[in-house]
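A.B. asks: I am sharing entry05.cif, which consists of mmCIF, C-alpha atoms:
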```cif
data_structure
loop_
_atom_site.label_atom_id
_atom_site.label_comp_id
_atom_site.auth_asym_id
_atom_site.auth_seq_id
_atom_site.Cartn_x
_atom_site.Cartn_y
_atom_site.Cartn_z
CA MET A 1 -29.62 12.29 -37.49
CA PHE A 2 -31.56 13.71 -34.57
CA LYS A 3 -31.60 10.70 -32.35
CA LYS A 4 -29.63 12.42 -29.64
CA PHE A 5 -29.96 16.16 -29.82
CA GLN A 6 -30.16 18.51 -26.88
CA PRO A 7 -30.53 22.20 -27.70
CA SER A 8 -28.64 23.14 -24.57
CA SER A 9 -25.48 21.29 -25.48
CA ASP A 10 -25.53 20.60 -29.21
CA VAL A 11 -26.24 24.07 -30.58
CA SER A 12 -23.10 26.05 -31.21
CA GLY A 13 -24.55 29.34 -32.41
CA GLN A 14 -27.38 31.30 -33.95
CA VAL A 15 -26.80 33.81 -36.73
CA SER A 16 -28.92 35.77 -39.14
CA VAL A 17 -28.44 34.67 -42.70
CA LYS A 18 -27.11 37.13 -45.31
CA SER A 19 -29.69 38.06 -47.91
CA SER A 20 -27.54 36.76 -50.78
CA VAL A 21 -27.37 33.40 -49.04
CA GLN A 22 -31.11 33.57 -48.34
CA ARG A 23 -31.82 34.05 -52.02
CA SER A 24 -29.71 31.05 -52.91
CA ILE A 25 -31.44 28.96 -50.25
CA ARG A 26 -34.85 29.98 -51.56
CA ALA A 27 -33.87 29.09 -55.10
CA GLY A 28 -32.40 25.78 -53.96
CA ILE A 29 -35.53 24.79 -52.09
CA LEU A 30 -37.87 25.74 -54.92
CA SER A 31 -35.87 23.52 -57.24
CA GLN A 32 -35.56 20.55 -54.89
CA TRP A 33 -39.05 20.31 -53.41
CA LYS A 34 -42.32 19.97 -55.29
CA ILE A 35 -43.70 23.27 -54.13
CA ASN A 36 -44.91 26.30 -56.00
CA PRO A 37 -43.60 29.75 -55.07
CA GLU A 38 -46.94 31.12 -53.81
CA THR A 39 -47.34 28.31 -51.31
CA PHE A 40 -43.74 28.67 -50.22
CA GLU A 41 -44.43 32.36 -49.68
CA GLN A 42 -46.88 31.27 -46.97
CA ILE A 43 -44.21 29.26 -45.22
CA TRP A 44 -41.42 31.79 -45.63
CA PRO A 45 -42.49 35.25 -46.78
CA LYS A 46 -39.99 37.12 -48.93
CA LYS A 47 -39.58 39.92 -46.45
CA GLU A 48 -38.76 37.69 -43.53
CA SER A 49 -35.22 36.86 -42.57
CA LEU A 50 -34.18 33.37 -41.56
CA THR A 51 -32.04 32.48 -38.59
CA LEU A 52 -29.36 29.86 -38.99
CA VAL A 53 -28.80 27.61 -36.01
CA LYS A 54 -25.51 25.79 -36.22
CA CYS A 55 -25.38 22.36 -34.65
CA ARG A 56 -22.75 19.72 -34.17
CA GLU A 57 -21.66 17.57 -37.11
CA HIS A 58 -22.19 20.36 -39.63
CA ILE A 59 -25.96 20.34 -39.34
CA SER A 60 -27.60 23.71 -40.00
CA ILE A 61 -31.19 24.29 -39.00
CA TYR A 62 -32.97 27.29 -40.48
CA THR A 63 -35.66 28.80 -38.28
CA LEU A 64 -38.19 31.57 -38.69
CA HIS A 65 -39.43 33.30 -35.53
CA GLY A 66 -37.99 30.51 -33.46
CA GLU A 67 -39.79 27.74 -35.35
CA PRO A 68 -37.48 25.37 -37.25
CA LEU A 69 -38.47 25.12 -40.90
CA PHE A 70 -35.81 23.07 -42.62
CA PHE A 71 -32.29 21.86 -42.21
CA GLN A 72 -29.34 20.53 -44.15
CA HIS A 73 -26.26 18.48 -43.50
CA PHE A 74 -23.06 20.00 -44.90
CA ASP A 75 -24.23 21.45 -48.21
CA GLY A 76 -26.52 18.59 -49.00
CA PRO A 77 -30.16 18.62 -49.96
CA PHE A 78 -32.62 20.60 -47.84
CA PHE A 79 -34.97 18.60 -45.63
CA PRO A 80 -38.15 20.12 -44.25
CA THR A 81 -38.91 19.49 -40.60
CA LEU A 82 -41.50 16.79 -40.07
CA ARG A 83 -44.02 19.31 -38.76
CA LEU A 84 -43.68 21.33 -41.96
CA LEU A 85 -44.10 18.19 -44.01
CA HIS A 86 -47.33 17.39 -42.18
CA LYS A 87 -48.74 20.75 -43.17
CA TYR A 88 -47.69 20.46 -46.82
CA PRO A 89 -47.43 16.76 -47.57
CA PHE A 90 -46.85 17.17 -51.29
CA ILE A 91 -43.44 18.78 -51.12
CA LEU A 92 -41.50 15.50 -51.04
CA PRO A 93 -42.09 12.30 -53.00
CA MET A 94 -43.68 9.57 -50.94
CA VAL A 95 -42.57 6.06 -50.13
CA ARG A 96 -44.41 3.79 -47.76
CA VAL A 97 -43.27 1.08 -45.39
CA ASP A 98 -45.39 -1.76 -44.11
CA ARG A 99 -46.78 -1.93 -40.60
CA GLY A 100 -44.08 -4.11 -39.15
CA ALA A 101 -41.42 -1.56 -39.92
CA ILE A 102 -43.20 1.35 -38.24
CA ARG A 103 -41.93 0.72 -34.73
CA PHE A 104 -38.36 0.50 -36.00
CA LEU A 105 -38.77 3.71 -37.94
CA LEU A 106 -40.02 5.42 -34.81
CA ALA A 107 -36.95 4.21 -32.98
CA GLY A 108 -34.66 5.77 -35.56
CA ALA A 109 -33.66 2.77 -37.68
CA HIS A 110 -32.96 3.00 -41.41
CA MET A 111 -35.54 1.45 -43.68
CA MET A 112 -34.57 -1.77 -45.44
CA CYS A 113 -35.68 -2.61 -48.98
CA PRO A 114 -38.05 -5.47 -48.06
CA GLY A 115 -40.16 -2.97 -46.08
CA PHE A 116 -40.97 -1.16 -49.31
CA THR A 117 -41.37 -4.08 -51.66
CA SER A 118 -43.66 -6.18 -49.45
CA ALA A 119 -47.44 -6.05 -49.63
CA GLY A 120 -47.87 -3.08 -47.30
CA GLY A 121 -45.13 -0.95 -48.77
CA TYR A 122 -45.18 1.41 -51.70
CA LEU A 123 -42.56 2.76 -54.05
CA PRO A 124 -43.22 5.17 -56.89
CA PRO A 125 -43.86 3.36 -60.22
CA ALA A 126 -41.17 3.04 -62.86
CA ASP A 127 -42.11 6.18 -64.77
CA ALA A 128 -41.69 8.27 -61.63
CA ALA A 129 -38.69 6.36 -60.34
CA LEU A 130 -36.47 8.10 -57.83
CA ALA A 131 -32.72 8.22 -57.94
CA ALA A 132 -30.39 7.65 -55.00
CA ASN A 133 -29.72 10.50 -52.55
CA VAL A 134 -33.15 12.05 -52.93
CA PRO A 135 -35.10 13.28 -49.89
CA VAL A 136 -38.36 11.39 -49.49
CA ALA A 137 -41.27 11.40 -47.09
CA ILE A 138 -41.63 8.04 -45.35
CA HIS A 139 -45.26 7.18 -44.87
CA ALA A 140 -46.58 4.23 -42.91
CA GLU A 141 -49.08 1.61 -44.03
CA GLY A 142 -52.54 2.67 -43.05
CA LYS A 143 -51.57 6.13 -41.89
CA GLU A 144 -52.36 9.44 -43.41
CA HIS A 145 -49.39 11.45 -42.21
CA ALA A 146 -45.69 10.95 -42.76
CA ALA A 147 -43.79 9.20 -40.02
CA GLY A 148 -40.36 10.26 -41.08
CA ILE A 149 -38.15 11.85 -43.70
CA GLY A 150 -35.31 9.99 -45.30
CA LEU A 151 -32.68 9.99 -48.01
CA THR A 152 -32.82 7.23 -50.60
CA LYS A 153 -29.69 5.10 -50.59
CA LEU A 154 -30.66 3.21 -53.75
CA GLY A 155 -32.85 4.19 -56.68
CA THR A 156 -36.39 2.83 -56.50
CA GLU A 157 -35.84 0.45 -59.42
CA GLU A 158 -32.75 -0.97 -57.74
CA MET A 159 -34.68 -1.38 -54.53
CA ARG A 160 -37.19 -3.55 -56.34
CA LYS A 161 -34.49 -5.61 -58.01
CA VAL A 162 -31.98 -6.09 -55.22
CA ASN A 163 -34.42 -6.09 -52.29
CA LYS A 164 -31.66 -6.32 -49.71
CA GLY A 165 -29.94 -3.87 -47.42
CA VAL A 166 -30.75 -0.29 -46.61
CA GLY A 167 -33.23 1.35 -48.95
CA VAL A 168 -33.86 4.68 -47.27
CA GLU A 169 -31.69 6.23 -44.62
CA THR A 170 -33.87 7.77 -41.93
CA VAL A 171 -32.94 11.39 -41.36
CA THR A 172 -35.68 12.47 -38.97
CA TYR A 173 -38.66 10.62 -37.52
CA LEU A 174 -41.71 11.21 -35.37
CA GLY A 175 -40.70 11.61 -31.77
CA ASP A 176 -37.01 12.27 -32.25
CA ASP A 177 -35.31 15.17 -30.55
CA LEU A 178 -35.96 17.52 -33.45
CA TRP A 179 -39.69 16.75 -33.20
CA LYS A 180 -39.64 17.58 -29.51
CA ILE A 181 -38.20 21.02 -30.20
CA GLN A 182 -41.00 23.42 -30.88
CA GLU A 183 -38.90 26.53 -30.64
CA LEU A 184 -35.24 27.19 -31.09
CA MET B 1 -43.55 46.50 -70.32
CA ALA B 2 -46.50 45.27 -72.34
CA SER B 3 -46.51 41.58 -72.92
CA THR B 4 -48.63 40.16 -75.67
CA GLU B 5 -48.64 36.67 -74.20
CA GLN B 6 -51.44 35.59 -71.96
CA GLU B 7 -50.03 34.68 -68.61
CA ALA B 8 -51.39 31.65 -66.86
CA ALA B 9 -53.98 32.49 -64.27
CA PRO B 10 -52.30 33.44 -60.99
CA VAL B 11 -51.75 30.28 -58.98
CA GLU B 12 -53.50 30.17 -55.65
CA PRO B 13 -51.24 29.17 -52.77
CA THR B 14 -52.18 25.82 -51.33
CA PRO B 15 -53.30 26.20 -47.73
CA PRO B 16 -51.51 24.15 -45.06
CA LYS B 17 -53.14 20.97 -43.95
CA GLU B 18 -54.42 21.06 -40.40
CA VAL B 19 -53.10 18.19 -38.33
CA LEU B 20 -54.51 17.22 -34.99
CA TYR B 21 -51.66 16.41 -32.66
CA CYS B 22 -52.40 14.41 -29.55
CA GLN B 23 -51.93 16.58 -26.46
CA VAL B 24 -50.57 13.67 -24.48
CA CYS B 25 -47.81 12.34 -26.72
CA THR B 26 -47.49 15.15 -29.34
CA PHE B 27 -47.79 12.68 -32.22
CA PRO B 28 -50.45 12.92 -34.90
CA VAL B 29 -53.42 11.10 -33.45
CA GLU B 30 -53.06 8.00 -35.62
CA TYR B 31 -49.58 7.29 -34.22
CA CYS B 32 -50.52 7.26 -30.56
CA GLU B 33 -50.47 3.48 -30.55
CA PHE B 34 -46.71 3.58 -31.09
CA GLY B 35 -46.06 6.00 -28.28
CA SER B 36 -45.73 5.03 -24.67
CA SER B 37 -48.97 6.38 -23.27
CA LEU B 38 -51.72 4.75 -25.30
CA THR B 39 -54.34 4.56 -22.54
CA ARG B 40 -54.01 8.22 -21.66
CA CYS B 41 -53.98 9.17 -25.34
CA LYS B 42 -57.20 7.25 -25.94
CA GLU B 43 -58.90 8.95 -22.99
CA TRP B 44 -57.82 12.36 -24.21
CA LEU B 45 -58.97 11.70 -27.76
CA GLN B 46 -62.33 10.45 -26.63
CA LYS B 47 -62.91 13.68 -24.78
CA ALA B 48 -61.42 15.92 -27.43
CA ASN B 49 -62.79 14.55 -30.68
CA VAL B 50 -65.22 11.64 -30.56
CA GLU B 51 -65.39 11.34 -34.34
CA LEU B 52 -61.69 10.66 -34.71
CA TYR B 53 -61.78 8.36 -31.71
CA ASN B 54 -64.34 6.17 -33.41
CA LYS B 55 -62.41 6.32 -36.61
CA PHE B 56 -59.29 4.90 -35.05
CA TYR B 57 -60.36 2.83 -32.12
CA SER B 58 -63.68 1.31 -33.05
CA GLU B 59 -63.85 -2.41 -33.70
CA GLU B 60 -63.67 -2.38 -37.49
CA ALA B 61 -60.88 0.15 -37.45
CA LEU B 62 -58.82 -2.10 -35.20
CA GLN B 63 -59.42 -5.04 -37.51
CA ALA B 64 -58.48 -3.09 -40.58
CA LYS B 65 -55.31 -1.83 -38.93
CA ILE B 66 -53.83 -5.28 -38.59
CA GLY B 67 -53.42 -5.01 -42.31
CA THR B 68 -50.68 -7.11 -43.78
CA LEU B 69 -49.21 -8.33 -40.52
CA SER B 70 -49.88 -11.89 -39.57
CA LEU B 71 -51.78 -12.57 -36.37
CA GLU B 72 -48.77 -13.56 -34.23
CA ALA B 73 -46.79 -10.56 -35.39
CA GLN B 74 -49.65 -8.26 -34.44
CA GLU B 75 -49.95 -9.85 -31.00
CA LYS B 76 -46.24 -9.53 -30.45
CA LEU B 77 -46.46 -5.87 -31.47
CA GLU B 78 -49.24 -5.31 -28.97
CA LYS B 79 -47.32 -7.00 -26.16
CA ASP B 80 -44.23 -4.94 -26.91
CA THR B 81 -46.11 -1.66 -26.88
CA ALA B 82 -47.82 -2.61 -23.62
CA LYS B 83 -44.43 -3.33 -22.06
CA LYS B 84 -43.03 -0.06 -23.34
CA GLU B 85 -45.97 1.81 -21.90
CA ALA B 86 -45.54 0.17 -18.51
CA LYS B 87 -41.84 1.06 -18.47
CA ALA B 88 -42.56 4.66 -19.40
CA GLU B 89 -45.13 4.90 -16.59
CA ALA B 90 -42.67 3.48 -14.08
CA LYS B 91 -40.02 5.96 -15.17
CA ALA B 92 -42.43 8.87 -14.88
CA ASP B 93 -43.42 7.74 -11.38
CA ALA B 94 -39.81 7.42 -10.27
CA ALA B 95 -39.03 10.87 -11.62
CA LEU B 96 -41.99 12.35 -9.80
CA LYS B 97 -40.99 10.73 -6.51
CA LYS B 98 -37.46 12.02 -6.86
CA LYS B 99 -38.87 15.46 -7.45
CA MET B 100 -40.91 15.30 -4.28
CA ALA B 101 -37.92 14.18 -2.27
CA SER B 102 -35.42 16.71 -3.60
CA GLN B 103 -34.68 19.69 -1.49
CA VAL B 104 -34.00 23.31 -2.07
CA THR B 105 -30.82 24.12 -0.20
CA ILE B 106 -30.15 27.68 0.89
CA LYS B 107 -26.60 28.25 2.02
CA ARG B 108 -25.18 31.29 3.70
CA ILE B 109 -21.49 31.49 2.94
CA GLU B 110 -19.13 33.87 4.58
CA ARG B 111 -16.98 35.93 2.25
CA ASN B 112 -15.22 38.37 4.55
CA LYS B 113 -15.84 38.94 8.20
CA ARG B 114 -18.80 41.17 7.46
CA LYS B 115 -19.96 40.01 4.08
CA HIS B 116 -21.89 36.94 3.03
CA VAL B 117 -23.32 35.41 -0.08
CA THR B 118 -26.40 33.26 -0.32
CA ALA B 119 -26.34 30.22 -2.54
CA ILE B 120 -29.58 28.51 -3.54
CA HIS B 121 -29.49 25.16 -5.16
CA GLY B 122 -32.08 22.60 -6.10
CA LEU B 123 -34.57 24.86 -7.83
CA GLU B 124 -34.30 23.08 -11.17
CA ALA B 125 -36.16 20.08 -9.87
CA PHE B 126 -39.17 22.35 -9.59
CA ASP B 127 -39.03 23.77 -13.11
CA VAL B 128 -37.82 27.20 -12.15
CA ASP B 129 -35.92 29.03 -14.89
CA LEU B 130 -32.66 29.81 -13.10
CA LYS B 131 -31.64 32.76 -15.23
CA LYS B 132 -34.97 34.48 -14.81
CA ALA B 133 -35.00 33.71 -11.10
CA ALA B 134 -31.51 35.15 -10.68
CA LYS B 135 -32.52 38.34 -12.43
CA PHE B 136 -35.62 38.52 -10.30
CA PHE B 137 -33.61 38.21 -7.07
CA ALA B 138 -31.13 40.79 -8.22
CA GLN B 139 -33.91 43.24 -8.84
CA LYS B 140 -35.68 42.50 -5.61
CA PHE B 141 -32.67 42.80 -3.35
CA ALA B 142 -30.82 45.45 -5.36
CA THR B 143 -27.68 43.31 -5.32
CA GLY B 144 -25.92 41.05 -7.80
CA ALA B 145 -27.19 37.57 -8.52
CA SER B 146 -25.96 35.00 -10.97
CA VAL B 147 -26.22 31.39 -11.98
CA THR B 148 -23.01 29.43 -11.46
CA LYS B 149 -21.94 25.82 -11.41
CA ASN B 150 -20.81 24.58 -8.05
CA PRO B 151 -18.00 22.01 -7.73
CA GLN B 152 -20.50 19.13 -7.90
CA GLY B 153 -21.51 20.33 -11.34
CA LEU B 154 -25.01 21.47 -10.41
CA ASP B 155 -26.31 24.91 -11.19
CA GLU B 156 -26.99 27.23 -8.34
CA ILE B 157 -28.08 30.82 -7.90
CA VAL B 158 -25.64 32.98 -5.94
CA VAL B 159 -27.00 36.21 -4.47
CA GLN B 160 -24.69 38.74 -2.87
CA GLY B 161 -25.41 39.62 0.71
CA ASP B 162 -27.22 37.72 3.40
CA VAL B 163 -30.71 37.30 2.08
CA SER B 164 -31.40 33.75 3.19
CA GLY B 165 -34.29 34.69 5.46
CA ASP B 166 -35.89 36.75 2.73
CA ILE B 167 -35.57 33.95 0.24
CA VAL B 168 -37.29 31.53 2.56
CA GLU B 169 -40.12 33.98 2.95
CA MET B 170 -40.41 34.47 -0.78
CA ILE B 171 -40.62 30.77 -1.40
CA GLU B 172 -43.26 30.37 1.25
CA ASP B 173 -45.33 33.11 -0.28
CA GLY B 174 -44.83 31.69 -3.74
CA VAL B 175 -43.87 34.98 -5.32
CA GLY B 176 -43.58 35.28 -9.11
CA LEU B 177 -41.73 32.40 -10.73
CA LEU B 178 -41.18 30.59 -7.50
CA LYS B 179 -44.76 29.41 -7.64
CA ASN B 180 -44.28 25.69 -7.78
CA VAL B 181 -41.85 25.18 -4.93
CA PRO B 182 -43.33 23.37 -1.96
CA LYS B 183 -42.39 25.05 1.30
CA ASP B 184 -41.47 21.95 3.26
CA ASN B 185 -38.54 21.15 1.02
CA ILE B 186 -36.34 23.99 2.11
CA VAL B 187 -33.16 23.37 4.04
CA GLU B 188 -31.02 26.16 5.42
CA VAL B 189 -27.35 25.65 5.96
CA GLU B 190 -24.60 27.89 7.15
CA GLU B 191 -21.17 27.42 5.70
CA LYS B 192 -17.82 28.88 6.32
CA SER B 193 -15.99 28.30 3.08
CA LYS B 194 -12.97 30.33 3.99
CA LYS B 195 -9.97 30.15 1.73
CA GLY B 196 -7.00 29.85 4.00
#
```
Just give me the structure of the file as structure tokens.
C.D. replies:
Amino acid sequence: MFKKFQPSSDVSGQVSVKSSVQRSIRAGILSQWKINPETFEQIWPKKESLTLVKCREHISIYTLHGEPLFFQHFDGPFFPTLRLLHKYPFILPMVRVDRGAIRFLLAGAHMMCPGFTSAGGYLPPADAALAANVPVAIHAEGKEHAAGIGLTKLGTEEMRKVNKGVGVETVTYLGDDLWKIQEL
Amino acid sequence: MASTEQEAAPVEPTPPKEVLYCQVCTFPVEYCEFGSSLTRCKEWLQKANVELYNKFYSEEALQAKIGTLSLEAQEKLEKDTAKKEAKAEAKADAALKKKMASQVTIKRIERNKRKHVTAIHGLEAFDVDLKKAAKFFAQKFATGASVTKNPQGLDEIVVQGDVSGDIVEMIEDGVGLLKNVPKDNIVEVEEKSKKG
């Protein structure tokens, strides 16, 4: 989603968010991510007010003091920025791709099922299976930190069964234009 | 309101995890091998944090990294990253050379018989923030200054009045934000852009 993104040309406006909307955002995030309220308080204190940065293609990035924290497409699920995910790796469920897929992930490609089902990949076991359209953290074989964030296109059980086609759509990855932005 | 239930002990917030990001390529240190500046990243890491350097680049670590990739695939990966690195270096060199060659053009344009404006273009190649520079000039010369796009599409700073000589002096002295501009790259031009 952030393969080609220049703040100078792709940002259409910055507004402060209404407090009613902020409350709904806070509630939405606490329900979607695996985070407890005290920790989230560290990221976004209750008293602070977010800034909404509107970008092309209905992408909204929410920033605090200039630092982007999370974003959403249309009214879809909230995705943390990769930097935020590095600081709090537990907020999203993890999937792992094998080493051969890493360079494609870092070029912005979507992750195909065989990358997860091969020896180096990892999908959550059946009792913690993920549905489709769930934000996940994409980790890489042998690495400690996430390399990207994606949206599952198929449930994890289907990925194991079908093993063909796109498994996880890459939303943001290490080194994309959103990563390069430290301040908005 | 008194509650007879025992509440769970207050949950401690989990502290953020500290990540070391490479200063050269801005990736977390373990991903430097996929960036385009591996040799410089390795040098930096060796100086910055020897422990992590050994963790990632020592012999056993390199062996373990090959992981589930077959030998040919790993070699191909290494060749591709080396090529990418070489290309990135070449691009950076070309950009630097262009920067050295680009000029700062100071034009004195006649507005009426008595009045002139000074247009400065080419400062972006030297990382000067045009808006701040325009404000700075306006303050210095007590006239108006703004950033506009000229017909070629490039941004230039337009200062009211004939201040070309003063600007040249300021660049030579390296005042304020104009610090990085080399003095030999200045070209002065006089133009009569009269409209009919």
A.B. asks: At a cut-off of 10 Å, using all atoms listed in the file, what residues contact region 122-132 of chain A? Leave out same-chain residues fewer than 2 positions from it and give the result as a count of residues only.
C.D. replies: 31
A.B. asks: Could you please tell me, as an MDAnalysis selection string, which residues of chain A have an atom within 12 Å of chain B when using only C-alpha atoms?
C.D. replies: chainID A and resid 35:43 82:91 97:107 115 118:121 139:148 173:176 179:182
A.B. asks: When the PyMOL selection byres ((chain A and resi 23) around 12) is applied to the structure above, which residues does it catch, written out as an MDAnalysis selection string?
C.D. replies: chainID A and resid 17:22 24:30 44:50
A.B. asks: Using the chain letters and numbers from the file, which residues does the PyMOL selection byres ((chain A and resi 73) around 7) grab, as a PyMOL selection string?
C.D. replies: chain A and resi 58-60+72+74-76
A.B. asks: I'd like the interatomic distance between CA of Phe78 (chain A) and CA of His110 (chain A), to a tenth of an Å.
C.D. replies: 18.7 Å
A.B. asks: Evaluate the PyMOL selection byres ((chain B and resi 162) around 10) on the structure here and hand back the selected residues as a PDB file with C-alpha atoms, in the coordinates of the input.
C.D. replies:
```pdb
ATOM      1  CA  LYS B 107     -26.600  28.250   2.020  1.00  0.00           C
ATOM      2  CA  ARG B 108     -25.180  31.290   3.700  1.00  0.00           C
ATOM      3  CA  ILE B 109     -21.490  31.490   2.940  1.00  0.00           C
ATOM      4  CA  GLU B 110     -19.130  33.870   4.580  1.00  0.00           C
ATOM      5  CA  ARG B 114     -18.800  41.170   7.460  1.00  0.00           C
ATOM      6  CA  LYS B 115     -19.960  40.010   4.080  1.00  0.00           C
ATOM      7  CA  HIS B 116     -21.890  36.940   3.030  1.00  0.00           C
ATOM      8  CA  VAL B 117     -23.320  35.410  -0.080  1.00  0.00           C
ATOM      9  CA  THR B 118     -26.400  33.260  -0.320  1.00  0.00           C
ATOM     10  CA  ALA B 119     -26.340  30.220  -2.540  1.00  0.00           C
ATOM     11  CA  VAL B 159     -27.000  36.210  -4.470  1.00  0.00           C
ATOM     12  CA  GLN B 160     -24.690  38.740  -2.870  1.00  0.00           C
ATOM     13  CA  GLY B 161     -25.410  39.620   0.710  1.00  0.00           C
ATOM     14  CA  VAL B 163     -30.710  37.300   2.080  1.00  0.00           C
ATOM     15  CA  SER B 164     -31.400  33.750   3.190  1.00  0.00           C
ATOM     16  CA  GLY B 165     -34.290  34.690   5.460  1.00  0.00           C
ATOM     17  CA  ASP B 166     -35.890  36.750   2.730  1.00  0.00           C
ATOM     18  CA  ILE B 167     -35.570  33.950   0.240  1.00  0.00           C
TER      19      ILE B 167
END
```
A.B. asks: Expressed in Å to a single decimal, how great is the separation between CA of Gly150 (chain A) and CA of Met1 (chain A)?
C.D. replies: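 Computed distance, CA of Gly150 (chain A) to CA of Met1 (chain A), equals 9.9 Å.
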A.B. asks: Report, in Å with one decimal, the straight-line distance from CA of Val162 (chain A) to CA of Pro77 (chain A).
C.D. replies: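 Between CA of Val162 (chain A) and CA of Pro77 (chain A) the gap works out to 25.3 Å.
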A.B. asks: Go through A:Asp10, A:Asp177, A:Glu67, A:Glu169 one by one, measure the shortest atom-to-atom distance of each to Lys54 (chain A) using only C-alpha atoms, and give the residue with the smallest value.
C.D. replies: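 The answer is A:Asp10, which sits nearest to Lys54 (chain A).
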A.B. asks: Quick one: residues within 9 Å of Val158 (chain B), all atoms listed in the file, excluding same-chain residues fewer than 4 positions away - as a VMD selection string?
C.D. replies: chain B and resid 117 to 121 134 144 to 148
